[in-house]
Amino acid sequence: MACEARGPERKPADRIVSAATAAGGLLRIRRAAVDVMLADARRALPNECCGLLIGAAASIERAVPARNLRPSPDRYLIDPADHCAALRAARAAGLEVVGAYHSHPDGVLRPSEVDCREAYYPEFIYAIVAPEPAGGRRVAAYRLQRDAYDEISLRVVP
Ligand SMILES: [Zn+2]
């Protein structure tokens with residue numbers, strides 16, 4: 001189901017290009033935002049959770065849970081009303097909605113084919129979180145396109 005299943009030419013490891021790094025640094029994310037996403041992911045089990053990421057160009061300051069209009073273990077659909085509310089809240093704080101997050105209940109942090117196909121915002125940061133400790137990373141971030149993805153290096157900051 002992962003994006004690279006579309007063709008043998010896709011080699012994710014070779015495609016790991018950090019947009020944030022290219023711009024001069026890692027993408028910073030607040031630990032509190034990670035904690036919100038992980039708590040949301042556990043609450044939504046066995047389904048995926050989803051929400052918005054609020055911040056600025058090189059940092060994610062907050063994660064805001066949203067209603068999942070398509071509750072499922074492998075799909076999500078952010079309630080547009082919650083997206084609008086997040087936009088208003090972000091702008092009121094002098095920030096922007098810079099991305100979205102959702103969980104993968106199976107703990108696989110790689111974007112699915114559906115994730116890529118339904119990624120309507122090429123400028124968005126798409127974070128994926130794993131609700132249960134799987135011995136490794138709990139969060140990863142990507143830029144998604146219809147048939148490709150690039151991982152963004154994250155640095156969790158206080
Ligand atoms: Zn997904």
# chains A, B, ... in the order shown; residues from 1 in each chain; ligands from 1
call {"tool": "residues_around", "arguments": {"residues": "Gly94 of chain A", "least_positions_apart": "3", "cutoff": "9 Å", "atoms": "only C-alpha atoms", "output": "JSON, numbers by chain"}}
result
{"A": [55, 56, 89, 90, 91]}
call {"tool": "write_last_selection", "arguments": {"atoms": "N, CA and C atoms", "output": "compact mmCIF listing (two decimals), in the first residue's frame"}}
result
# COMPACT_ATOMS: atom_id res chain seq x y z
N GLY A 55 2.02 26.42 12.71
CA GLY A 55 3.37 26.90 12.96
C GLY A 55 3.79 27.93 11.96
N ALA A 56 5.07 27.91 11.64
CA ALA A 56 5.63 28.83 10.66
C ALA A 56 6.52 28.01 9.72
N ALA A 89 -7.68 30.13 14.15
CA ALA A 89 -6.89 30.14 15.38
C ALA A 89 -5.43 30.44 15.08
N ALA A 90 -4.93 29.86 13.98
CA ALA A 90 -3.53 30.08 13.63
C ALA A 90 -3.29 31.54 13.30
N ARG A 91 -4.14 32.10 12.48
CA ARG A 91 -3.93 33.50 12.06
C ARG A 91 -4.07 34.45 13.23
call {"tool": "residues_near_ligand", "arguments": {"ligand": "ligand 1", "cutoff": "7 Å", "atoms": "only C-alpha atoms and all ligand atoms", "output": "PyMOL selection string"}}
result
chain A and resi 74-75+102-104+111-112+114-115+128
call {"tool": "residues_around", "arguments": {"residues": "Val157 of chain A", "least_positions_apart": "5", "cutoff": "6 Å", "atoms": "only C-alpha atoms", "output": "PDB file with N, CA and C atoms, in the first residue's frame"}}
result
ATOM      1  N   ILE A  29       9.806  20.732  15.721  1.00  0.00           N
ATOM      2  CA  ILE A  29       8.449  20.471  16.190  1.00  0.00           C
ATOM      3  C   ILE A  29       8.465  20.444  17.708  1.00  0.00           C
ATOM      4  N   ARG A  30       7.514  21.130  18.296  1.00  0.00           N
ATOM      5  CA  ARG A  30       7.438  21.180  19.758  1.00  0.00           C
ATOM      6  C   ARG A  30       7.051  19.825  20.321  1.00  0.00           C
ATOM      7  N   ARG A  31       7.694  19.471  21.437  1.00  0.00           N
ATOM      8  CA  ARG A  31       7.367  18.200  22.079  1.00  0.00           C
ATOM      9  C   ARG A  31       5.889  18.153  22.457  1.00  0.00           C
TER      10      ARG A  31
END
call {"tool": "residues_around", "arguments": {"residues": "Leu45 of chain A", "least_positions_apart": "5", "cutoff": "8 Å", "atoms": "only C-alpha atoms", "output": "PDB file with C-alpha atoms, in the first residue's frame"}}
result
ATOM      1  CA  PRO A  73      -8.082   1.933  10.526  1.00  0.00           C
ATOM      2  CA  PRO A 105      -2.650   2.274  13.941  1.00  0.00           C
ATOM      3  CA  PRO A 131       0.003   5.263  18.586  1.00  0.00           C
TER       4      PRO A 131
END
call {"tool": "select_by_dssp", "arguments": {"residues": "chain A", "states": "strand (DSSP E)", "output": "number ranges by chain"}}
result
A: 27-30, 50-56, 59-66, 96-103, 125-129, 139-145, 148-152, 154-157
call {"tool": "residues_around", "arguments": {"residues": "Leu52 of chain A", "least_positions_apart": "2", "cutoff": "8 Å", "atoms": "only C-alpha atoms", "output": "number ranges by chain"}}
result
A: 50, 54, 63-66, 83, 86, 97-101
call {"tool": "closest_residue", "arguments": {"among": "A:Arg110, A:Arg62, A:Arg88, A:Arg28", "to": "Tyr142 of chain A", "atoms": "only C-alpha atoms"}}
result
A:Arg110
call {"tool": "select_by_dssp", "arguments": {"residues": "segment 15-153 of chain A", "states": "helix (DSSP H, G or I)", "output": "PyMOL selection string"}}
result
chain A and resi 15+19-22+31-44+80-92+113-117
call {"tool": "decode", "arguments": {"residues": "segment 84-131 of chain A", "atoms": "N, CA and C atoms", "output": "mmCIF file, in the first residue's frame"}}
result
data_model
loop_
_atom_site.group_PDB
_atom_site.id
_atom_site.type_symbol
_atom_site.label_atom_id
_atom_site.label_comp_id
_atom_site.auth_asym_id
_atom_site.auth_seq_id
_atom_site.Cartn_x
_atom_site.Cartn_y
_atom_site.Cartn_z
ATOM 1 N N CYS A 84 -11.095 24.912 9.001
ATOM 2 C CA CYS A 84 -11.346 26.365 9.009
ATOM 3 C C CYS A 84 -11.098 26.956 10.388
ATOM 4 N N ALA A 85 -11.535 26.237 11.421
ATOM 5 C CA ALA A 85 -11.328 26.732 12.783
ATOM 6 C C ALA A 85 -9.836 26.829 13.087
ATOM 7 N N ALA A 86 -9.077 25.844 12.616
ATOM 8 C CA ALA A 86 -7.629 25.861 12.842
ATOM 9 C C ALA A 86 -6.981 27.025 12.106
ATOM 10 N N LEU A 87 -7.469 27.299 10.891
ATOM 11 C CA LEU A 87 -6.946 28.442 10.134
ATOM 12 C C LEU A 87 -7.158 29.744 10.892
ATOM 13 N N ARG A 88 -8.360 29.903 11.429
ATOM 14 C CA ARG A 88 -8.662 31.131 12.176
ATOM 15 C C ARG A 88 -7.801 31.240 13.425
ATOM 16 N N ALA A 89 -7.685 30.133 14.146
ATOM 17 C CA ALA A 89 -6.887 30.143 15.383
ATOM 18 C C ALA A 89 -5.426 30.440 15.077
ATOM 19 N N ALA A 90 -4.927 29.859 13.981
ATOM 20 C CA ALA A 90 -3.528 30.078 13.626
ATOM 21 C C ALA A 90 -3.289 31.543 13.304
ATOM 22 N N ARG A 91 -4.136 32.105 12.477
ATOM 23 C CA ARG A 91 -3.933 33.496 12.065
ATOM 24 C C ARG A 91 -4.066 34.454 13.228
ATOM 25 N N ALA A 92 -4.959 34.112 14.150
ATOM 26 C CA ALA A 92 -5.115 34.960 15.339
ATOM 27 C C ALA A 92 -3.829 34.972 16.160
ATOM 28 N N ALA A 93 -3.050 33.907 16.045
ATOM 29 C CA ALA A 93 -1.795 33.814 16.798
ATOM 30 C C ALA A 93 -0.601 34.235 15.947
ATOM 31 N N GLY A 94 -0.862 34.750 14.743
ATOM 32 C CA GLY A 94 0.232 35.158 13.874
ATOM 33 C C GLY A 94 0.955 33.981 13.234
ATOM 34 N N LEU A 95 0.273 32.833 13.158
ATOM 35 C CA LEU A 95 0.871 31.628 12.599
ATOM 36 C C LEU A 95 0.035 31.157 11.412
ATOM 37 N N GLU A 96 0.398 29.999 10.872
ATOM 38 C CA GLU A 96 -0.314 29.436 9.731
ATOM 39 C C GLU A 96 -0.585 27.952 9.970
ATOM 40 N N VAL A 97 -1.550 27.435 9.254
ATOM 41 C CA VAL A 97 -1.708 25.979 9.199
ATOM 42 C C VAL A 97 -0.683 25.487 8.184
ATOM 43 N N VAL A 98 0.341 24.806 8.678
ATOM 44 C CA VAL A 98 1.445 24.401 7.809
ATOM 45 C C VAL A 98 1.353 22.938 7.392
ATOM 46 N N GLY A 99 0.388 22.225 7.971
ATOM 47 C CA GLY A 99 0.298 20.824 7.607
ATOM 48 C C GLY A 99 -0.824 20.115 8.325
ATOM 49 N N ALA A 100 -0.812 18.807 8.171
ATOM 50 C CA ALA A 100 -1.824 17.966 8.798
ATOM 51 C C ALA A 100 -1.137 16.723 9.346
ATOM 52 N N TYR A 101 -1.794 16.091 10.311
ATOM 53 C CA TYR A 101 -1.250 14.825 10.812
ATOM 54 C C TYR A 101 -2.353 13.785 10.831
ATOM 55 N N HIS A 102 -1.939 12.547 10.801
ATOM 56 C CA HIS A 102 -2.856 11.441 11.066
ATOM 57 C C HIS A 102 -2.046 10.287 11.622
ATOM 58 N N SER A 103 -2.753 9.291 12.134
ATOM 59 C CA SER A 103 -2.056 8.159 12.734
ATOM 60 C C SER A 103 -2.158 6.938 11.831
ATOM 61 N N HIS A 104 -1.203 6.066 11.993
ATOM 62 C CA HIS A 104 -1.253 4.743 11.383
ATOM 63 C C HIS A 104 -1.309 3.737 12.521
ATOM 64 N N PRO A 105 -2.513 3.196 12.801
ATOM 65 C CA PRO A 105 -2.650 2.274 13.941
ATOM 66 C C PRO A 105 -1.712 1.076 13.883
ATOM 67 N N ASP A 106 -1.275 0.696 12.671
ATOM 68 C CA ASP A 106 -0.352 -0.444 12.575
ATOM 69 C C ASP A 106 1.097 -0.051 12.864
ATOM 70 N N GLY A 107 1.324 1.237 13.122
ATOM 71 C CA GLY A 107 2.663 1.673 13.510
ATOM 72 C C GLY A 107 3.617 1.948 12.365
ATOM 73 N N VAL A 108 3.191 1.703 11.127
ATOM 74 C CA VAL A 108 4.056 1.952 9.968
ATOM 75 C C VAL A 108 4.042 3.449 9.659
ATOM 76 N N LEU A 109 5.216 4.052 9.715
ATOM 77 C CA LEU A 109 5.271 5.512 9.582
ATOM 78 C C LEU A 109 5.419 5.993 8.134
ATOM 79 N N ARG A 110 5.276 5.094 7.180
ATOM 80 C CA ARG A 110 5.424 5.469 5.775
ATOM 81 C C ARG A 110 4.057 5.845 5.201
ATOM 82 N N PRO A 111 4.001 6.863 4.335
ATOM 83 C CA PRO A 111 2.716 7.241 3.734
ATOM 84 C C PRO A 111 2.148 6.091 2.904
ATOM 85 N N SER A 112 0.842 5.941 2.959
ATOM 86 C CA SER A 112 0.183 4.933 2.127
ATOM 87 C C SER A 112 -0.086 5.518 0.749
ATOM 88 N N GLU A 113 -0.454 4.641 -0.160
ATOM 89 C CA GLU A 113 -0.805 5.092 -1.501
ATOM 90 C C GLU A 113 -1.970 6.082 -1.438
ATOM 91 N N VAL A 114 -2.932 5.767 -0.577
ATOM 92 C CA VAL A 114 -4.086 6.669 -0.413
ATOM 93 C C VAL A 114 -3.625 8.021 0.133
ATOM 94 N N ASP A 115 -2.681 7.995 1.069
ATOM 95 C CA ASP A 115 -2.173 9.260 1.615
ATOM 96 C C ASP A 115 -1.638 10.151 0.496
ATOM 97 N N CYS A 116 -0.890 9.558 -0.416
ATOM 98 C CA CYS A 116 -0.317 10.348 -1.515
ATOM 99 C C CYS A 116 -1.404 10.813 -2.472
ATOM 100 N N ARG A 117 -2.299 9.903 -2.794
ATOM 101 C CA ARG A 117 -3.342 10.234 -3.773
ATOM 102 C C ARG A 117 -4.242 11.358 -3.255
ATOM 103 N N GLU A 118 -4.470 11.359 -1.938
ATOM 104 C CA GLU A 118 -5.406 12.329 -1.371
ATOM 105 C C GLU A 118 -4.688 13.516 -0.720
ATOM 106 N N ALA A 119 -3.429 13.704 -1.050
ATOM 107 C CA ALA A 119 -2.676 14.848 -0.516
ATOM 108 C C ALA A 119 -2.921 16.046 -1.440
ATOM 109 N N TYR A 120 -3.845 16.888 -1.049
ATOM 110 C CA TYR A 120 -4.286 17.965 -1.932
ATOM 111 C C TYR A 120 -3.463 19.241 -1.763
ATOM 112 N N TYR A 121 -2.582 19.253 -0.775
ATOM 113 C CA TYR A 121 -1.829 20.481 -0.495
ATOM 114 C C TYR A 121 -0.333 20.198 -0.631
ATOM 115 N N PRO A 122 0.241 20.470 -1.798
ATOM 116 C CA PRO A 122 1.655 20.126 -2.006
ATOM 117 C C PRO A 122 2.596 20.850 -1.058
ATOM 118 N N GLU A 123 2.179 21.998 -0.551
ATOM 119 C CA GLU A 123 3.052 22.760 0.347
ATOM 120 C C GLU A 123 2.924 22.286 1.796
ATOM 121 N N PHE A 124 1.973 21.389 2.058
ATOM 122 C CA PHE A 124 1.723 20.939 3.426
ATOM 123 C C PHE A 124 2.811 20.000 3.930
ATOM 124 N N ILE A 125 3.017 20.042 5.238
ATOM 125 C CA ILE A 125 3.787 19.027 5.931
ATOM 126 C C ILE A 125 2.780 17.975 6.407
ATOM 127 N N TYR A 126 3.003 16.732 6.036
ATOM 128 C CA TYR A 126 2.117 15.653 6.471
ATOM 129 C C TYR A 126 2.855 14.814 7.500
ATOM 130 N N ALA A 127 2.393 14.899 8.746
ATOM 131 C CA ALA A 127 3.011 14.095 9.805
ATOM 132 C C ALA A 127 2.196 12.822 10.003
ATOM 133 N N ILE A 128 2.901 11.731 10.245
ATOM 134 C CA ILE A 128 2.261 10.450 10.545
ATOM 135 C C ILE A 128 2.786 10.000 11.898
ATOM 136 N N VAL A 129 1.862 9.577 12.768
ATOM 137 C CA VAL A 129 2.267 9.145 14.103
ATOM 138 C C VAL A 129 1.840 7.695 14.339
ATOM 139 N N ALA A 130 2.610 7.017 15.180
ATOM 140 C CA ALA A 130 2.320 5.637 15.568
ATOM 141 C C ALA A 130 1.807 5.658 17.004
ATOM 142 N N PRO A 131 0.585 5.154 17.237
ATOM 143 C CA PRO A 131 0.003 5.263 18.586
ATOM 144 C C PRO A 131 0.689 4.409 19.633
#
